[in-house]
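Structure, as structure tokens:
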Amino acid sequence: MKKLLFITVLFWSGIIYSQNSPKKIAIDDNGLGKQFPDCHLSGSICKLFPTGDDPETSLANAFKTSEKSFSIEIRKNSMSEEKQIALLGKTIKNINGNEKFFLQINTPFLVDSSFLSLLNIPSSNNTIAVGNYPIKVGAEYLVIHLALSAN
């Protein structure tokens, strides 16, 4: 009887966890950072598009955080030193614990409606406005939180 109860609780907790965790889509993170100085769209985001890869094994993912925001997570161990410098201004090994990092958006960036649709975000909120967006340096990922605004 205890074994049946344990299996039932385990089963339901898995279902509840999967419903509460954000749906992630694998993305190509090569369009992020200051590595594209000639990018006419922005100095820090040139493109955002899904790869179709499995989010569990992909190098970068995007996920919805609200109706007007989403986050991008990039596996730290997959980042070259050049990409680390492009996003953070320095390599990860040279980061002090207290430092704060931001992705600077210099011109409004229009996010493709099909990308937003995959994240289940209304396409009326389709522009990342000019500003500084926080980058959290976690144990496994860099997480960039981006906010959207209407045109």
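Ordering of the structure tokens sets the chain letters (A, B, ...); residue numbers start at 1 within each chain; ligands are numbered from 1 in the order shown.
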Practice item. Find the spatial neighbours of Tyr141 in chain A, counting only C-alpha atoms, within a cut-off of 6 Å - ignore same-chain residues fewer than 5 positions away - and output them as a PyMOL selection string. Key: chain A and resi 73-76
Skipping near chain neighbours, those fewer than 5 positions away, what residues fall within 9 Å of range 107-113 of chain A using only C-alpha atoms, listed as a compact mmCIF listing (two decimals) with C-alpha atoms, in the first residue's frame?
```txt
# COMPACT_ATOMS: atom_id res chain seq x y z
CA LEU A 41 19.47 46.16 -36.11
CA SER A 42 21.28 46.60 -32.82
CA GLY A 43 24.70 46.49 -31.27
CA ILE A 45 21.02 41.56 -30.60
CA CYS A 46 21.11 40.77 -34.30
CA LYS A 47 18.79 37.81 -34.41
CA LEU A 48 16.67 35.51 -32.29
CA PHE A 49 15.49 32.28 -33.82
CA LEU A 118 6.49 29.71 -29.91
CA ILE A 121 3.59 35.67 -25.99
CA PRO A 122 1.13 38.00 -27.75
CA SER A 123 2.74 39.51 -30.85
CA SER A 124 1.34 42.95 -29.97
CA ASN A 125 4.22 43.12 -27.47
CA ASN A 126 6.95 42.68 -30.04
CA THR A 127 9.71 45.21 -29.39
CA ILE A 128 12.61 45.12 -26.99
CA ALA A 129 13.02 48.76 -26.05
CA VAL A 130 16.30 50.64 -25.69
CA GLY A 131 17.80 49.97 -22.28
CA LEU A 148 8.87 43.66 -24.46
CA ASN A 151 5.41 49.34 -31.06
```
Practice item. Would you list the contacts of range 94-97 of chain A as a PyMOL selection string, taking every protein, DNA or RNA residue within 12 Å and counting only C-alpha atoms, but skipping same-chain residues closer than 5 positions in sequence? Key: chain A and resi 81+84-85+88-89+136-139
Store the residues of this selection in a file with N, CA and C atoms, as a PDB file, in the first residue's frame.
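Once written, result_34.pdb looks like this:
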```pdb
ATOM      1  N   GLU A  81      35.598  32.140 -25.000  1.00  0.00           N
ATOM      2  CA  GLU A  81      36.007  33.364 -24.311  1.00  0.00           C
ATOM      3  C   GLU A  81      35.555  34.598 -25.081  1.00  0.00           C
ATOM      4  N   GLN A  84      31.960  35.176 -24.206  1.00  0.00           N
ATOM      5  CA  GLN A  84      31.870  35.686 -22.838  1.00  0.00           C
ATOM      6  C   GLN A  84      32.171  37.186 -22.813  1.00  0.00           C
ATOM      7  N   ILE A  85      33.220  37.587 -23.511  1.00  0.00           N
ATOM      8  CA  ILE A  85      33.589  39.004 -23.561  1.00  0.00           C
ATOM      9  C   ILE A  85      32.526  39.809 -24.303  1.00  0.00           C
ATOM     10  N   LEU A  88      29.576  39.873 -21.597  1.00  0.00           N
ATOM     11  CA  LEU A  88      29.848  40.370 -20.249  1.00  0.00           C
ATOM     12  C   LEU A  88      30.924  41.449 -20.184  1.00  0.00           C
ATOM     13  N   GLY A  89      31.706  41.564 -21.248  1.00  0.00           N
ATOM     14  CA  GLY A  89      32.810  42.504 -21.226  1.00  0.00           C
ATOM     15  C   GLY A  89      34.077  41.907 -20.638  1.00  0.00           C
ATOM     16  N   LYS A 136      22.100  37.527 -15.397  1.00  0.00           N
ATOM     17  CA  LYS A 136      22.416  36.826 -14.144  1.00  0.00           C
ATOM     18  C   LYS A 136      23.412  35.716 -14.467  1.00  0.00           C
ATOM     19  N   VAL A 137      24.502  35.679 -13.737  1.00  0.00           N
ATOM     20  CA  VAL A 137      25.508  34.641 -13.917  1.00  0.00           C
ATOM     21  C   VAL A 137      25.245  33.572 -12.866  1.00  0.00           C
ATOM     22  N   GLY A 138      24.674  32.460 -13.303  1.00  0.00           N
ATOM     23  CA  GLY A 138      24.362  31.365 -12.399  1.00  0.00           C
ATOM     24  C   GLY A 138      25.425  30.280 -12.439  1.00  0.00           C
ATOM     25  N   ALA A 139      25.161  29.201 -11.757  1.00  0.00           N
ATOM     26  CA  ALA A 139      26.120  28.099 -11.688  1.00  0.00           C
ATOM     27  C   ALA A 139      26.316  27.432 -13.047  1.00  0.00           C
TER      28      ALA A 139
END
```
Check your understanding: Skipping near chain neighbours, those fewer than 3 positions away, what residues fall within 12 Å of Leu119 in chain A using only C-alpha atoms, listed as a list in words?
Key ->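 Returned residues: Pro22, Lys23, Lys24, Ile25, Ala26, Ile27, Phe49, Pro50, Asn61, Ala62, Phe63, Lys64, Thr65, Ser66, Glu67, Lys68, Ser69, Phe70, Ser71, Ile72, Val111, Asp112, Ser113, Ser114, Phe115, Leu116, Pro122, Ser123 and Asn126 of chain A.
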Deliver the residues from the most recent selection as a file, using C-alpha atoms, as a PDB file, in the first residue's frame.
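Written output follows (again16.pdb):
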```pdb
ATOM      1  CA  PRO A  22       8.312  27.286 -18.223  1.00  0.00           C
ATOM      2  CA  LYS A  23       8.206  25.834 -21.717  1.00  0.00           C
ATOM      3  CA  LYS A  24      11.634  26.301 -23.243  1.00  0.00           C
ATOM      4  CA  ILE A  25      12.616  26.512 -26.880  1.00  0.00           C
ATOM      5  CA  ALA A  26      16.155  25.951 -28.114  1.00  0.00           C
ATOM      6  CA  ILE A  27      17.635  29.003 -29.798  1.00  0.00           C
ATOM      7  CA  PHE A  49      15.487  32.281 -33.823  1.00  0.00           C
ATOM      8  CA  PRO A  50      14.663  28.753 -32.697  1.00  0.00           C
ATOM      9  CA  ASN A  61      17.114  28.381 -24.687  1.00  0.00           C
ATOM     10  CA  ALA A  62      14.403  31.001 -24.446  1.00  0.00           C
ATOM     11  CA  PHE A  63      11.382  30.850 -22.168  1.00  0.00           C
ATOM     12  CA  LYS A  64       8.417  33.055 -21.307  1.00  0.00           C
ATOM     13  CA  THR A  65       8.509  34.840 -17.954  1.00  0.00           C
ATOM     14  CA  SER A  66       5.349  36.953 -18.385  1.00  0.00           C
ATOM     15  CA  GLU A  67       3.012  38.224 -21.097  1.00  0.00           C
ATOM     16  CA  LYS A  68       5.555  40.962 -21.825  1.00  0.00           C
ATOM     17  CA  SER A  69       8.900  39.329 -21.102  1.00  0.00           C
ATOM     18  CA  PHE A  70      11.092  36.340 -21.743  1.00  0.00           C
ATOM     19  CA  SER A  71      14.512  35.127 -20.732  1.00  0.00           C
ATOM     20  CA  ILE A  72      17.396  33.627 -22.610  1.00  0.00           C
ATOM     21  CA  VAL A 111      11.181  40.389 -32.246  1.00  0.00           C
ATOM     22  CA  ASP A 112       9.730  38.162 -34.952  1.00  0.00           C
ATOM     23  CA  SER A 113       6.093  37.253 -34.247  1.00  0.00           C
ATOM     24  CA  SER A 114       6.717  33.553 -34.990  1.00  0.00           C
ATOM     25  CA  PHE A 115       9.396  33.502 -32.277  1.00  0.00           C
ATOM     26  CA  LEU A 116       6.971  35.089 -29.801  1.00  0.00           C
ATOM     27  CA  PRO A 122       1.127  37.998 -27.754  1.00  0.00           C
ATOM     28  CA  SER A 123       2.738  39.507 -30.846  1.00  0.00           C
ATOM     29  CA  ASN A 126       6.948  42.679 -30.041  1.00  0.00           C
TER      30      ASN A 126
END
```
Check your understanding: Leaving out Leu103 in chain A and any residue of its chain fewer than 4 positions from it, which residues lie within 9 Å of it when counting only C-alpha atoms, given as a VMD selection string?
Key -> chain A and resid 32 to 33 44 to 45 87 to 88 131 to 135 144
Restricting it to C-alpha atoms, dump the selection as a CSV table (one decimal), in the first residue's frame.
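See selection-v7.csv below for the written result:
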```csv
chain,number,residue,atom,x,y,z
A,32,LEU,CA,23.8,38.0,-29.0
A,33,GLY,CA,26.5,40.2,-27.7
A,44,SER,CA,23.8,43.6,-29.0
A,45,ILE,CA,21.0,41.6,-30.6
A,87,LEU,CA,28.2,39.5,-23.5
A,88,LEU,CA,29.8,40.4,-20.2
A,131,GLY,CA,17.8,50.0,-22.3
A,132,ASN,CA,20.0,47.8,-20.1
A,133,TYR,CA,18.7,44.3,-19.4
A,134,PRO,CA,20.1,42.3,-16.5
A,135,ILE,CA,22.3,39.2,-17.1
A,144,ILE,CA,19.3,37.4,-19.8
```
Practice item. Report the distance between CA of Ser78 in chain A and CA of Leu59 in chain A in Å, rounded to one decimal place. Key: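 It comes out at 6.4 Å.
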**Study point:** Pick from A:His145, A:Met79, A:Thr57, A:Glu140, whichever lies nearest to Phe102 in chain A using only C-alpha atoms
**Key:**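 Comparing A:His145, A:Met79, A:Thr57, A:Glu140 against Phe102 in chain A, the winner is A:His145.
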Point to revise | Interatomic distance (Å, one decimal) between CA of Ser149 in chain A and CA of Asp28 in chain A | key: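 Computing it gives 22.7 Å between the two atoms.
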